[in-house]
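First comes the structure, then the notes that go with it.
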Amino acid sequence: MTTNASDAVLANIPVERIERNPENPRVYFRPRELETLQHSIAEHGVQVPINVYRKGQRYHLIDGERRWRCSLKLNLKTIPALVQDEPSQLTNMLLMFNIHALREQWDLLTISMKLPRVLELLESEVGRRPVEQEIIEKTGLTRSIIRRCKLLIELPEMYREQLTEELHKPKSQQKLTEDFFIEMERALKTCERSMTDLIPNKNRARDVLIRKYRTGVIKDLVDLRMLPRIAKAERVSANVQAAKNALLKVLQPNTYSIQEAYEETVSWAYSERDLVQRIHGIADRLEEIETDELEDDVLSALRDLQKRIQRVLGSGR
Amino acid sequence: MTYRILSQSLWPLADSVRKYLKDHRGLGHIKVEEEVDKEVPRPTLHALDKDKSIVCVDFLEDSCFGVNSQTFVNKCKARQLPVRLYITCPDSAQKASFAKDLKTARENGVGVIGVSPAGNVTVISEAISLLLTDLRRQDPKDFPPKYRGDLEQAHQTYLQVNPPKGCAAIYDMVEALTRAIARKLHKQGLIAPWQASPIDLDRTAWFKVADDIYRHLDFQKARQLTKPLWAQVIAATKPRNDTGHQPRTVQERVKRDKELRTRFETAGDLLRNLIDATHGWGV
């Protein structure tokens, strides 16, 4: 970045001469959050200066749109601000990303909407597509956030609009969250990779899952993580065709839940695999232990385990 | 329409209410997020009404009265502004405490507007000029039971429907009582017929009836009904006739609103003092 924050000057500037940053990716300001902040500013004033750059006689916001809006609402005449020179378009955006990465993170959709533009500007600056590590360094975003954002960027427009609509609602009334779409996209991607011909129409599958989530057939976001496990039935030696049929049924508009599909197809297989892994784990540990090192309580637990194993093996297996 | 301050999710509501105020309330020149007064937070919408009050509308996400509404109310009162504030909230988002918030809004003289998802606007409760609020309420226990219902009705009319009408209602009670007292005084012969003018105590103008008593009653025989108290009755007859007059400027509106509140309180006091003074008279 070419603009250094240490070059900024602290000043009280007229609230009326401030304009929002046209590059600010944040477009959702929840009323409740603004109300709370307005009350705080009415009581204590603006405690943290906003960041702006000067453009002619006006100031453009880099950070602090909510504080500025509340100050305008409260009819304050001035607001404390760190005033800096006008940055380049890329620096302007990177400044906003970095400030929010350090302080209060934006909604993922907010980041997703501007990330392609940042990548485009970075590409034209360095002359090639930036690698993930460069994006992390420049934006201050974590690898996980970048990957999650990419899933949202790839969402078809109509679903991004649905998500936007949800983000406008009060938090308590939001049903479809960014996390839902991210989990759904991850699940569908894995299902597609694991079982060919499973999802001929991805939007139709999305619509069904969204409806099932809205109506409570899918009770929890975590349920979506069961879809890839069902799709990978082969890995746990479960009946692949039965798993595929169950997934096809889940992706139909009915009241068949993911949980039911999981229980009916692969649940036992994953439980068995889990049990075997644990047994191997214990066996490996026992290999490493010298018998004279064992405490009484460990010996007692092992004897108890031995009895249980004998009972199971003695029942004809 | 775009707004600089209002959250985007509330823009459709603000547009619906703007249209409603224009089409149904005849408000022109509705200002958006502009200053009403230098010391007061900016309402989302405001306009000068024909009665010279300033109609202001603010928007909340899921409630009809919040902490910032209270700040706005207090500042308007401190600045002596004849503001009528409405809070608008989407019908679909009203939270469990809505009824409680509505009560608080009404107690503060703040009106409430609901907007359906289709954009239909409903005025749930009317706003009154904030200068008329902070009314000193009479304690109903200070009045005989037969007055309590009418007194409460007058109070509710003042606070929720039409303050001049509420004020007129309490004056009606004072007038009815003074005419009853006059009849009683005549019947008891405390006013000699040859001293008083021959007037119809039920139909003659209230002032004349009160004045007639003032001039011809021997107050020493009327026990607690003192001459200064009766002078207050005469003084009350003039403002009673002024309550319905429309102000022509904002300054007149401020003056009238302040007087209206004082009159309502004074008329209540007068009613109580008259009742106390004529206790046991059977009026």
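If you're wondering about the labels, chains in the structure tokens are A, B, ... by order shown, residues count from 1 in each chain, ligands from 1 in order shown.
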Any chance you could tabulate, as CSV, the residues of chain A at most 12 Å from chain B with each one's nearest atom pair and distance in Å to one decimal, using only C-alpha atoms, in chain and rising number order?
residue,atom,partner,partner_atom,distance
A:Glu16,CA,B:Arg4,CA,11.0
A:Ile18,CA,B:Arg4,CA,11.0
A:Glu19,CA,B:Arg4,CA,9.2
A:Arg20,CA,B:Arg4,CA,8.7
A:Arg26,CA,B:Gln8,CA,11.4
A:Val27,CA,B:Gln8,CA,7.9
A:Tyr28,CA,B:Gln8,CA,6.9
A:Phe29,CA,B:Ser7,CA,5.6
A:Arg30,CA,B:Ser7,CA,6.4
A:Pro31,CA,B:Ser7,CA,5.6
A:Arg32,CA,B:Glu61,CA,6.6
A:Glu33,CA,B:Ser7,CA,9.9
A:Leu34,CA,B:Ser7,CA,8.1
A:Glu35,CA,B:Asn68,CA,7.0
A:Thr36,CA,B:Asn68,CA,8.6
A:Leu37,CA,B:Asn68,CA,10.2
A:Gln38,CA,B:Asn68,CA,7.4
A:His39,CA,B:Asn68,CA,6.1
A:Ser40,CA,B:Asn68,CA,9.9
A:Ile41,CA,B:Asn68,CA,10.8
A:Ala42,CA,B:Thr71,CA,8.6
A:Glu43,CA,B:Thr71,CA,10.1
A:Glu65,CA,B:Ile5,CA,9.6
A:Arg66,CA,B:Ile5,CA,8.8
A:Arg67,CA,B:Ile5,CA,10.5
A:Trp68,CA,B:Ile5,CA,8.7
A:Arg69,CA,B:Ile5,CA,5.1
A:Cys70,CA,B:Ile5,CA,7.3
A:Ser71,CA,B:Pro41,CA,9.0
A:Leu72,CA,B:Ile5,CA,7.2
A:Lys73,CA,B:Arg42,CA,5.1
A:Leu74,CA,B:Pro41,CA,4.1
A:Asn75,CA,B:Pro41,CA,5.1
A:Leu76,CA,B:Pro41,CA,8.2
A:Lys77,CA,B:Lys38,CA,9.0
A:Thr164,CA,B:Ser9,CA,10.3
A:Glu165,CA,B:Ser9,CA,8.6
A:Glu166,CA,B:Ser9,CA,10.0
A:Leu167,CA,B:Ser9,CA,9.0
A:His168,CA,B:Ser9,CA,5.3
A:Lys169,CA,B:Ser9,CA,7.1
A:Pro170,CA,B:Glu61,CA,7.4
A:Lys171,CA,B:Glu61,CA,10.9
A:Ser172,CA,B:Ala93,CA,10.2
A:Gln173,CA,B:Ala93,CA,8.5
A:Gln174,CA,B:Ala93,CA,11.7
For the residues selected in the previous step, produce a file with C-alpha atoms as a short mmCIF file (atom, residue, chain, number, x, y, z; two decimals), in the first residue's frame.
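Now in out-v1.cif:
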data_model
loop_
_atom_site.label_atom_id
_atom_site.label_comp_id
_atom_site.auth_asym_id
_atom_site.auth_seq_id
_atom_site.Cartn_x
_atom_site.Cartn_y
_atom_site.Cartn_z
CA GLU A 16 -21.86 17.48 6.42
CA ILE A 18 -18.22 13.76 4.49
CA GLU A 19 -19.33 11.34 1.81
CA ARG A 20 -19.48 7.58 1.91
CA ARG A 26 -20.45 -2.85 3.17
CA VAL A 27 -23.97 -2.05 2.14
CA TYR A 28 -25.92 -3.63 5.00
CA PHE A 29 -26.17 -1.55 8.12
CA ARG A 30 -28.53 -3.22 10.51
CA PRO A 31 -30.90 -0.71 12.08
CA ARG A 32 -30.55 -2.17 15.56
CA GLU A 33 -26.76 -1.80 15.46
CA LEU A 34 -27.08 1.81 14.30
CA GLU A 35 -29.59 2.56 17.07
CA THR A 36 -27.23 1.19 19.72
CA LEU A 37 -24.29 3.15 18.34
CA GLN A 38 -26.40 6.31 18.05
CA HIS A 39 -27.31 6.05 21.72
CA SER A 40 -23.66 5.51 22.68
CA ILE A 41 -22.51 8.51 20.64
CA ALA A 42 -25.32 10.64 22.10
CA GLU A 43 -24.08 9.71 25.57
CA GLU A 65 -19.52 4.83 8.05
CA ARG A 66 -21.74 3.86 10.97
CA ARG A 67 -20.15 6.49 13.26
CA TRP A 68 -20.61 9.08 10.51
CA ARG A 69 -24.25 8.14 9.90
CA CYS A 70 -25.04 8.28 13.62
CA SER A 71 -23.30 11.64 13.95
CA LEU A 72 -25.33 12.97 11.05
CA LYS A 73 -28.51 11.61 12.64
CA LEU A 74 -27.62 13.26 15.94
CA ASN A 75 -27.04 16.48 14.03
CA LEU A 76 -23.48 16.81 15.32
CA LYS A 77 -21.55 19.50 13.53
CA THR A 164 -28.76 -10.18 0.57
CA GLU A 165 -32.46 -10.08 1.44
CA GLU A 166 -31.79 -12.12 4.56
CA LEU A 167 -28.93 -9.88 5.62
CA HIS A 168 -31.27 -6.92 5.57
CA LYS A 169 -33.44 -8.56 8.21
CA PRO A 170 -32.79 -8.24 11.95
CA LYS A 171 -30.31 -10.92 13.05
CA SER A 172 -33.00 -12.69 15.08
CA GLN A 173 -35.14 -13.16 11.97
CA GLN A 174 -32.40 -14.30 9.62
#
(request) Please provide the set of residues having any atom within 8 Å of Cys76 in chain B, restricted to only C-alpha atoms, with same-chain residues fewer than 5 positions apart removed, written as a list of chain:residue names. (result)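 Skipping anything fewer than 5 positions along the chain leaves B:Val40, B:Leu81, B:Pro82, B:Val83, B:Leu130.
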Could you turn the residues from that selection into a file that holds C-alpha atoms, as a PDB file, in the first residue's frame?
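Produced file result00.pdb, reproduced below:
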ATOM      1  CA  VAL B  40     -32.227  18.072  17.870  1.00  0.00           C
ATOM      2  CA  LEU B  81     -40.711  22.693  19.461  1.00  0.00           C
ATOM      3  CA  PRO B  82     -44.320  21.928  18.482  1.00  0.00           C
ATOM      4  CA  VAL B  83     -43.248  18.563  17.062  1.00  0.00           C
ATOM      5  CA  LEU B 130     -44.742  17.265  22.340  1.00  0.00           C
TER       6      LEU B 130
END
(message) List the spatial neighbours of range 154-162 of chain B as a PyMOL selection string - criterion: any atom at most 8 Å away, only C-alpha atoms, same-chain residues fewer than 5 positions off excluded.
(response) chain B and resi 106-107+109+125-128+133+167+169-170
(message) Here is a test: counting only C-alpha atoms, which residue of A:Arg311, A:Ala231, A:Thr291, A:Asp63 is nearest to Arg193 in chain A?
(response)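 Looking only at the distances to Arg193 in chain A, the closest residue turns out to be A:Ala231.
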(message) Using only C-alpha atoms, can you tell me which of A:Arg17, A:Arg143, A:His60, A:Lys212 comes closest to Ser257 in chain A?
(response)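 That would be A:Lys212, the residue with the smallest distance to Ser257 in chain A.
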(message) One decimal, in Å: what's the spacing between CA of Asp274 in chain A and CA of Ile230 in chain A?
(response)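 Going from CA of Asp274 in chain A over to CA of Ile230 in chain A, I get 15.2 Å.
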(request) Write out as a ChimeraX atom specification all residues of range 31-279 of chain B that backbone DSSP assigns to alpha helix (DSSP H). (result) /B:67-78,98-107,145-156,163-187,206-216,227-242,250-277
(message) Just the number, please: distance in Å from CA of Pro130 in chain A to CA of Met93 in chain A, one decimal.
(response)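 Pair CA of Pro130 in chain A / CA of Met93 in chain A returns 15.9 Å.
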(request) Have a look at CA of Lys114 in chain A and CA of Leu82 in chain A and let me know their distance in Å, one decimal. (result)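 These two atoms are separated by 23.9 Å.
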(request) Within 8 Å of Leu10 in chain A, counting only C-alpha atoms, which residues show up once you throw out same-chain ones fewer than 2 positions away? Write them as number ranges by chain, please. (result) A: 8, 12, 49, 80-83
(message) Would you pick out the contacts of Glu259 in chain B at 10 Å or less, using only C-alpha atoms, so that residues sharing its chain but fewer than 6 positions from it are not included, and give the list as JSON, numbers by chain?
(response) {"B": [131, 132, 239, 243, 253, 265]}
Could you list, as a CSV table (one decimal) with C-alpha atoms, in the first residue's frame, every residue within 10 Å of range 13-22 of chain B, counting only C-alpha atoms and ignoring same-chain residues fewer than 4 positions away?
chain,number,residue,atom,x,y,z
B,1,MET,CA,-35.5,7.4,-3.0
B,2,THR,CA,-32.1,7.0,-1.4
B,3,TYR,CA,-31.3,7.9,2.2
B,6,LEU,CA,-31.5,5.4,7.3
B,8,GLN,CA,-31.4,0.3,3.6
B,9,SER,CA,-33.8,-2.3,4.9
B,26,GLY,CA,-51.9,16.6,2.5
B,27,LEU,CA,-48.3,17.2,3.6
B,28,GLY,CA,-46.2,18.9,1.0
B,29,HIS,CA,-42.5,19.6,1.0
B,30,ILE,CA,-41.5,16.6,3.1
B,31,LYS,CA,-37.9,17.0,4.0
B,32,VAL,CA,-35.7,13.9,4.2
B,44,THR,CA,-35.9,10.7,8.8
B,45,LEU,CA,-38.9,12.7,7.5
B,46,HIS,CA,-40.4,16.0,8.6
B,47,ALA,CA,-42.9,18.6,7.3
B,55,VAL,CA,-44.7,16.4,11.8
B,57,VAL,CA,-41.3,10.5,11.4
B,58,ASP,CA,-38.6,8.1,12.5
B,59,PHE,CA,-38.2,4.4,11.6
B,60,LEU,CA,-37.3,1.5,13.9
B,88,THR,CA,-42.8,3.7,12.1
B,89,CYS,CA,-42.1,0.0,12.4
B,90,PRO,CA,-42.8,-2.9,10.0
B,113,ILE,CA,-47.4,3.9,12.3
B,114,GLY,CA,-47.4,0.4,11.0
B,115,VAL,CA,-46.5,-0.7,7.5
B,116,SER,CA,-47.5,-4.0,6.0
B,117,PRO,CA,-45.2,-6.1,3.8
B,118,ALA,CA,-47.3,-4.8,0.9
B,119,GLY,CA,-46.5,-1.2,1.9
B,120,ASN,CA,-50.0,-0.4,3.3
B,121,VAL,CA,-49.7,2.3,6.0
B,122,THR,CA,-51.8,2.2,9.1
